[in-house]
$ cat protein_10.txt   # compact mmCIF, N, CA and C atoms
# COMPACT_ATOMS: atom_id res chain seq x y z
N MET A 22 -40.64 -120.65 106.56
CA MET A 22 -41.24 -121.89 107.02
C MET A 22 -42.57 -122.08 106.32
N SER A 23 -42.84 -123.28 105.84
CA SER A 23 -44.12 -123.55 105.19
C SER A 23 -45.17 -123.85 106.25
N GLN A 24 -46.41 -123.71 105.86
CA GLN A 24 -47.50 -123.93 106.78
C GLN A 24 -47.58 -125.41 107.19
N LEU A 25 -47.88 -125.64 108.46
CA LEU A 25 -48.02 -127.00 108.96
C LEU A 25 -49.26 -127.65 108.36
N ASP A 26 -49.20 -128.96 108.16
CA ASP A 26 -50.42 -129.68 107.79
C ASP A 26 -51.17 -130.02 109.08
N ARG A 27 -52.38 -130.52 108.93
CA ARG A 27 -53.24 -130.80 110.07
C ARG A 27 -52.57 -131.76 111.06
N GLU A 28 -52.00 -132.85 110.58
CA GLU A 28 -51.40 -133.83 111.48
C GLU A 28 -50.21 -133.26 112.24
N SER A 29 -49.41 -132.44 111.59
CA SER A 29 -48.27 -131.81 112.27
C SER A 29 -48.75 -130.83 113.33
N ALA A 30 -49.81 -130.09 113.01
CA ALA A 30 -50.36 -129.14 113.99
C ALA A 30 -50.96 -129.88 115.18
N LEU A 31 -51.63 -131.00 114.93
CA LEU A 31 -52.16 -131.80 116.03
C LEU A 31 -51.03 -132.34 116.90
N ALA A 32 -49.93 -132.74 116.29
CA ALA A 32 -48.77 -133.21 117.05
C ALA A 32 -48.21 -132.09 117.93
N LYS A 33 -48.16 -130.88 117.40
CA LYS A 33 -47.72 -129.72 118.20
C LYS A 33 -48.64 -129.51 119.39
N ALA A 34 -49.96 -129.62 119.15
CA ALA A 34 -50.94 -129.45 120.23
C ALA A 34 -50.74 -130.52 121.29
N GLU A 35 -50.48 -131.75 120.87
CA GLU A 35 -50.25 -132.84 121.82
C GLU A 35 -49.00 -132.59 122.67
N GLU A 36 -47.94 -132.12 122.04
CA GLU A 36 -46.71 -131.81 122.78
C GLU A 36 -46.97 -130.69 123.79
N PHE A 37 -47.67 -129.66 123.36
CA PHE A 37 -48.00 -128.54 124.24
C PHE A 37 -48.84 -129.02 125.42
N LEU A 38 -49.87 -129.80 125.14
CA LEU A 38 -50.74 -130.30 126.21
C LEU A 38 -49.97 -131.16 127.20
N ALA A 39 -49.11 -132.03 126.71
CA ALA A 39 -48.30 -132.89 127.59
C ALA A 39 -47.43 -132.04 128.51
N SER A 40 -46.84 -131.00 127.97
CA SER A 40 -45.98 -130.12 128.76
C SER A 40 -46.78 -129.31 129.78
N GLU A 41 -47.87 -128.74 129.34
CA GLU A 41 -48.65 -127.85 130.20
C GLU A 41 -49.44 -128.59 131.28
N SER A 42 -49.77 -129.85 131.04
CA SER A 42 -50.63 -130.59 131.97
C SER A 42 -49.86 -131.45 132.97
N LYS A 43 -48.56 -131.32 133.01
CA LYS A 43 -47.75 -132.16 133.90
C LYS A 43 -48.18 -132.08 135.36
N GLU A 44 -48.60 -130.91 135.80
CA GLU A 44 -48.96 -130.70 137.21
C GLU A 44 -50.47 -130.85 137.47
N TRP A 45 -51.22 -131.18 136.46
CA TRP A 45 -52.67 -131.30 136.63
C TRP A 45 -53.03 -132.58 137.38
N LYS A 46 -54.18 -132.57 138.01
CA LYS A 46 -54.68 -133.74 138.74
C LYS A 46 -54.86 -134.94 137.81
N HIS A 47 -55.51 -134.71 136.68
CA HIS A 47 -55.76 -135.79 135.72
C HIS A 47 -54.52 -136.01 134.86
N LYS A 48 -54.20 -137.27 134.63
CA LYS A 48 -53.01 -137.60 133.82
C LYS A 48 -53.39 -138.24 132.48
N ASP A 49 -54.64 -138.60 132.32
CA ASP A 49 -55.08 -139.31 131.11
C ASP A 49 -55.77 -138.34 130.14
N ILE A 50 -55.07 -137.29 129.75
CA ILE A 50 -55.66 -136.25 128.91
C ILE A 50 -55.19 -136.42 127.47
N LYS A 51 -56.14 -136.22 126.54
CA LYS A 51 -55.74 -136.31 125.13
C LYS A 51 -56.52 -135.33 124.26
N ILE A 52 -55.90 -134.99 123.16
CA ILE A 52 -56.53 -134.14 122.15
C ILE A 52 -57.65 -134.92 121.48
N ILE A 53 -58.75 -134.25 121.21
CA ILE A 53 -59.88 -134.88 120.52
C ILE A 53 -59.74 -134.54 119.03
N HIS A 54 -59.03 -135.41 118.31
CA HIS A 54 -58.68 -135.15 116.91
C HIS A 54 -59.88 -134.85 116.02
N ASP A 55 -60.96 -135.61 116.19
CA ASP A 55 -62.10 -135.42 115.29
C ASP A 55 -62.92 -134.17 115.60
N LYS A 56 -62.63 -133.49 116.70
CA LYS A 56 -63.29 -132.22 117.02
C LYS A 56 -62.42 -131.01 116.70
N ALA A 57 -61.16 -131.25 116.34
CA ALA A 57 -60.25 -130.15 115.99
C ALA A 57 -60.67 -129.55 114.65
N PHE A 58 -60.49 -128.25 114.51
CA PHE A 58 -60.85 -127.57 113.27
C PHE A 58 -59.86 -126.45 112.97
N GLN A 59 -59.84 -126.05 111.71
CA GLN A 59 -58.96 -124.97 111.27
C GLN A 59 -59.78 -123.73 110.97
N HIS A 60 -59.22 -122.58 111.34
CA HIS A 60 -59.85 -121.29 111.06
C HIS A 60 -58.76 -120.23 110.95
N GLU A 61 -58.71 -119.59 109.79
CA GLU A 61 -57.80 -118.46 109.56
C GLU A 61 -56.37 -118.74 110.01
N GLY A 62 -55.81 -119.84 109.52
CA GLY A 62 -54.41 -120.15 109.80
C GLY A 62 -54.13 -120.69 111.18
N ARG A 63 -55.16 -121.11 111.86
CA ARG A 63 -55.03 -121.66 113.20
C ARG A 63 -55.74 -123.00 113.26
N LEU A 64 -55.17 -123.92 114.03
CA LEU A 64 -55.85 -125.17 114.33
C LEU A 64 -56.32 -125.05 115.78
N ILE A 65 -57.59 -125.31 116.01
CA ILE A 65 -58.17 -125.26 117.35
C ILE A 65 -58.40 -126.71 117.78
N ALA A 66 -57.76 -127.08 118.88
CA ALA A 66 -57.76 -128.48 119.32
C ALA A 66 -58.33 -128.61 120.73
N PRO A 67 -59.55 -129.12 120.85
CA PRO A 67 -60.10 -129.39 122.17
C PRO A 67 -59.48 -130.67 122.76
N TYR A 68 -59.62 -130.84 124.05
CA TYR A 68 -59.05 -132.00 124.74
C TYR A 68 -59.91 -132.32 125.95
N ASN A 69 -59.76 -133.52 126.46
CA ASN A 69 -60.42 -133.92 127.70
C ASN A 69 -59.75 -135.18 128.19
N THR A 70 -60.27 -135.74 129.27
CA THR A 70 -59.68 -136.97 129.79
C THR A 70 -60.12 -138.16 128.95
N VAL A 71 -59.28 -139.16 128.91
CA VAL A 71 -59.61 -140.40 128.20
C VAL A 71 -60.84 -141.04 128.86
N SER A 72 -60.91 -140.98 130.17
CA SER A 72 -62.07 -141.54 130.89
C SER A 72 -63.37 -140.89 130.43
N TYR A 73 -63.36 -139.57 130.31
CA TYR A 73 -64.57 -138.87 129.85
C TYR A 73 -64.89 -139.25 128.41
N LEU A 74 -63.87 -139.28 127.56
CA LEU A 74 -64.09 -139.60 126.16
C LEU A 74 -64.62 -141.03 125.98
N ASN A 75 -64.21 -141.94 126.85
CA ASN A 75 -64.67 -143.33 126.77
C ASN A 75 -66.06 -143.54 127.36
N THR A 76 -66.40 -142.77 128.39
CA THR A 76 -67.67 -143.00 129.10
C THR A 76 -68.72 -141.94 128.85
N GLY A 77 -68.28 -140.71 128.56
CA GLY A 77 -69.22 -139.60 128.43
C GLY A 77 -69.75 -139.10 129.76
N LYS A 78 -69.22 -139.64 130.85
CA LYS A 78 -69.69 -139.24 132.18
C LYS A 78 -68.99 -137.95 132.61
N MET A 79 -69.79 -136.95 132.94
CA MET A 79 -69.26 -135.63 133.30
C MET A 79 -68.30 -135.68 134.48
N GLU A 80 -68.53 -136.60 135.42
CA GLU A 80 -67.65 -136.67 136.59
C GLU A 80 -66.22 -137.08 136.22
N HIS A 81 -66.04 -137.60 135.01
CA HIS A 81 -64.70 -137.97 134.54
C HIS A 81 -64.06 -136.88 133.68
N GLY A 82 -64.82 -135.83 133.37
CA GLY A 82 -64.32 -134.79 132.47
C GLY A 82 -63.64 -133.64 133.18
N LEU A 83 -62.93 -132.86 132.41
CA LEU A 83 -62.31 -131.64 132.91
C LEU A 83 -63.36 -130.53 132.97
N VAL A 84 -63.17 -129.60 133.87
CA VAL A 84 -64.07 -128.46 134.01
C VAL A 84 -63.27 -127.19 133.72
N GLY A 85 -63.81 -126.35 132.85
CA GLY A 85 -63.16 -125.07 132.58
C GLY A 85 -62.00 -125.14 131.61
N ASN A 86 -61.84 -126.28 130.96
CA ASN A 86 -60.74 -126.38 130.00
C ASN A 86 -61.10 -125.66 128.71
N VAL A 87 -60.16 -124.95 128.17
CA VAL A 87 -60.34 -124.25 126.90
C VAL A 87 -59.38 -124.87 125.88
N PRO A 88 -59.78 -124.89 124.61
CA PRO A 88 -58.95 -125.54 123.59
C PRO A 88 -57.58 -124.90 123.41
N ILE A 89 -56.74 -125.65 122.74
CA ILE A 89 -55.41 -125.19 122.36
C ILE A 89 -55.50 -124.63 120.95
N GLU A 90 -54.82 -123.51 120.74
CA GLU A 90 -54.74 -122.90 119.40
C GLU A 90 -53.31 -123.06 118.90
N VAL A 91 -53.18 -123.63 117.71
CA VAL A 91 -51.87 -123.82 117.09
C VAL A 91 -51.79 -122.89 115.88
N ASP A 92 -50.77 -122.05 115.86
CA ASP A 92 -50.51 -121.21 114.69
C ASP A 92 -49.93 -122.12 113.60
N MET A 93 -50.64 -122.25 112.49
CA MET A 93 -50.24 -123.18 111.43
C MET A 93 -48.99 -122.71 110.69
N GLU A 94 -48.62 -121.46 110.86
CA GLU A 94 -47.43 -120.92 110.22
C GLU A 94 -46.18 -121.15 111.08
N THR A 95 -46.30 -120.88 112.38
CA THR A 95 -45.14 -120.94 113.27
C THR A 95 -45.08 -122.19 114.15
N GLY A 96 -46.23 -122.84 114.34
CA GLY A 96 -46.29 -123.99 115.23
C GLY A 96 -46.44 -123.62 116.69
N GLU A 97 -46.51 -122.32 116.99
CA GLU A 97 -46.67 -121.88 118.37
C GLU A 97 -48.06 -122.25 118.88
N CYS A 98 -48.12 -122.62 120.15
CA CYS A 98 -49.37 -123.05 120.77
C CYS A 98 -49.68 -122.21 122.00
N GLU A 99 -50.98 -122.08 122.27
CA GLU A 99 -51.44 -121.44 123.49
C GLU A 99 -52.87 -121.88 123.76
N PHE A 100 -53.28 -121.74 125.01
CA PHE A 100 -54.68 -121.97 125.34
C PHE A 100 -55.45 -120.72 124.94
N ILE A 101 -56.60 -120.90 124.30
CA ILE A 101 -57.39 -119.72 123.94
C ILE A 101 -58.19 -119.28 125.16
N ASP A 102 -58.63 -118.03 125.15
CA ASP A 102 -59.42 -117.55 126.28
C ASP A 102 -60.91 -117.79 126.01
N ILE A 103 -61.70 -117.59 127.04
CA ILE A 103 -63.12 -117.89 126.94
C ILE A 103 -63.83 -117.03 125.90
N MET A 104 -63.36 -115.82 125.67
CA MET A 104 -63.98 -114.96 124.66
C MET A 104 -63.80 -115.55 123.26
N LYS A 105 -62.63 -116.14 122.99
CA LYS A 105 -62.42 -116.80 121.69
C LYS A 105 -63.31 -118.03 121.56
N VAL A 106 -63.48 -118.76 122.67
CA VAL A 106 -64.38 -119.91 122.64
C VAL A 106 -65.77 -119.45 122.23
N LEU A 107 -66.25 -118.37 122.84
CA LEU A 107 -67.59 -117.85 122.52
C LEU A 107 -67.66 -117.37 121.08
N ASP A 108 -66.59 -116.73 120.60
CA ASP A 108 -66.56 -116.28 119.20
C ASP A 108 -66.66 -117.47 118.24
N TYR A 109 -65.90 -118.53 118.51
CA TYR A 109 -65.96 -119.71 117.65
C TYR A 109 -67.35 -120.36 117.69
N ARG A 110 -67.95 -120.39 118.87
CA ARG A 110 -69.32 -120.94 118.96
C ARG A 110 -70.29 -120.09 118.15
N ASP A 111 -70.14 -118.77 118.21
CA ASP A 111 -71.00 -117.88 117.42
C ASP A 111 -70.84 -118.14 115.92
N MET A 112 -69.62 -118.57 115.51
CA MET A 112 -69.37 -118.87 114.10
C MET A 112 -69.86 -120.26 113.71
N GLY A 113 -70.36 -121.02 114.69
CA GLY A 113 -70.91 -122.34 114.39
C GLY A 113 -69.99 -123.51 114.67
N TYR A 114 -68.80 -123.24 115.22
CA TYR A 114 -67.89 -124.34 115.55
C TYR A 114 -68.33 -125.00 116.85
N PRO A 115 -68.27 -126.33 116.92
CA PRO A 115 -68.77 -127.07 118.10
C PRO A 115 -67.77 -127.17 119.23
N ILE A 116 -67.45 -126.05 119.84
CA ILE A 116 -66.57 -126.11 121.02
C ILE A 116 -67.25 -125.47 122.20
$ encode --input "protein_10.txt" --output "structure tokens"
Amino acid sequence: MSQLDRESALAKAEEFLASESKEWKHKDIKIIHDKAFQHEGRLIAPYNTVSYLNTGKMEHGLVGNVPIEVDMETGECEFIDIMKVLDYRDMGYPI
């Protein structure tokens, strides 16, 4: 299998988020495409509610959400843990 391009990886992240968030309170959740980044064969895709993205008001945002990591080789997705979030921040990524 060839490596996914950015748009294909973002599509995988969107499918994963739609599946995983079915039971969540908020239904208007989307991937933040312009904040997604690639690192060592992985696409890291943050997400939040459309309401938060449109208003910037914290009361409309998700709390405790961690980005989705897409393996660019296999297309497999998972939520990253807080330690990976901290590692990416230490590397200068804005998550």
$ closest_residue --input "protein_10.txt" --among "A:Gln59, A:Cys98, A:Leu83, A:Asp92" --to "Tyr114 in chain A" --atoms "only C-alpha atoms"
A:Gln59
$ select_by_dssp --input "protein_10.txt" --residues "range 52-110 of chain A" --states "helix (DSSP H, G or I)" --output "PyMOL selection string"
chain A and resi 54-56+71-76+79-81+103-110
$ atom_distance --input "protein_10.txt" --atom1 "CA of Gly85 in chain A" --atom2 "atom N of Leu25 in chain A"
28.6 Å
$ closest_residue --input "protein_10.txt" --among "A:Asp26, A:Val71, A:Pro88, A:Ser42" --to "Val106 in chain A" --atoms "only N, CA and C atoms"
A:Pro88
$ closest_residue --input "protein_10.txt" --among "A:Gly113, A:Ser29, A:Asn86, A:Lys48" --to "Ser72 in chain A" --atoms "only C-alpha atoms"
A:Lys48
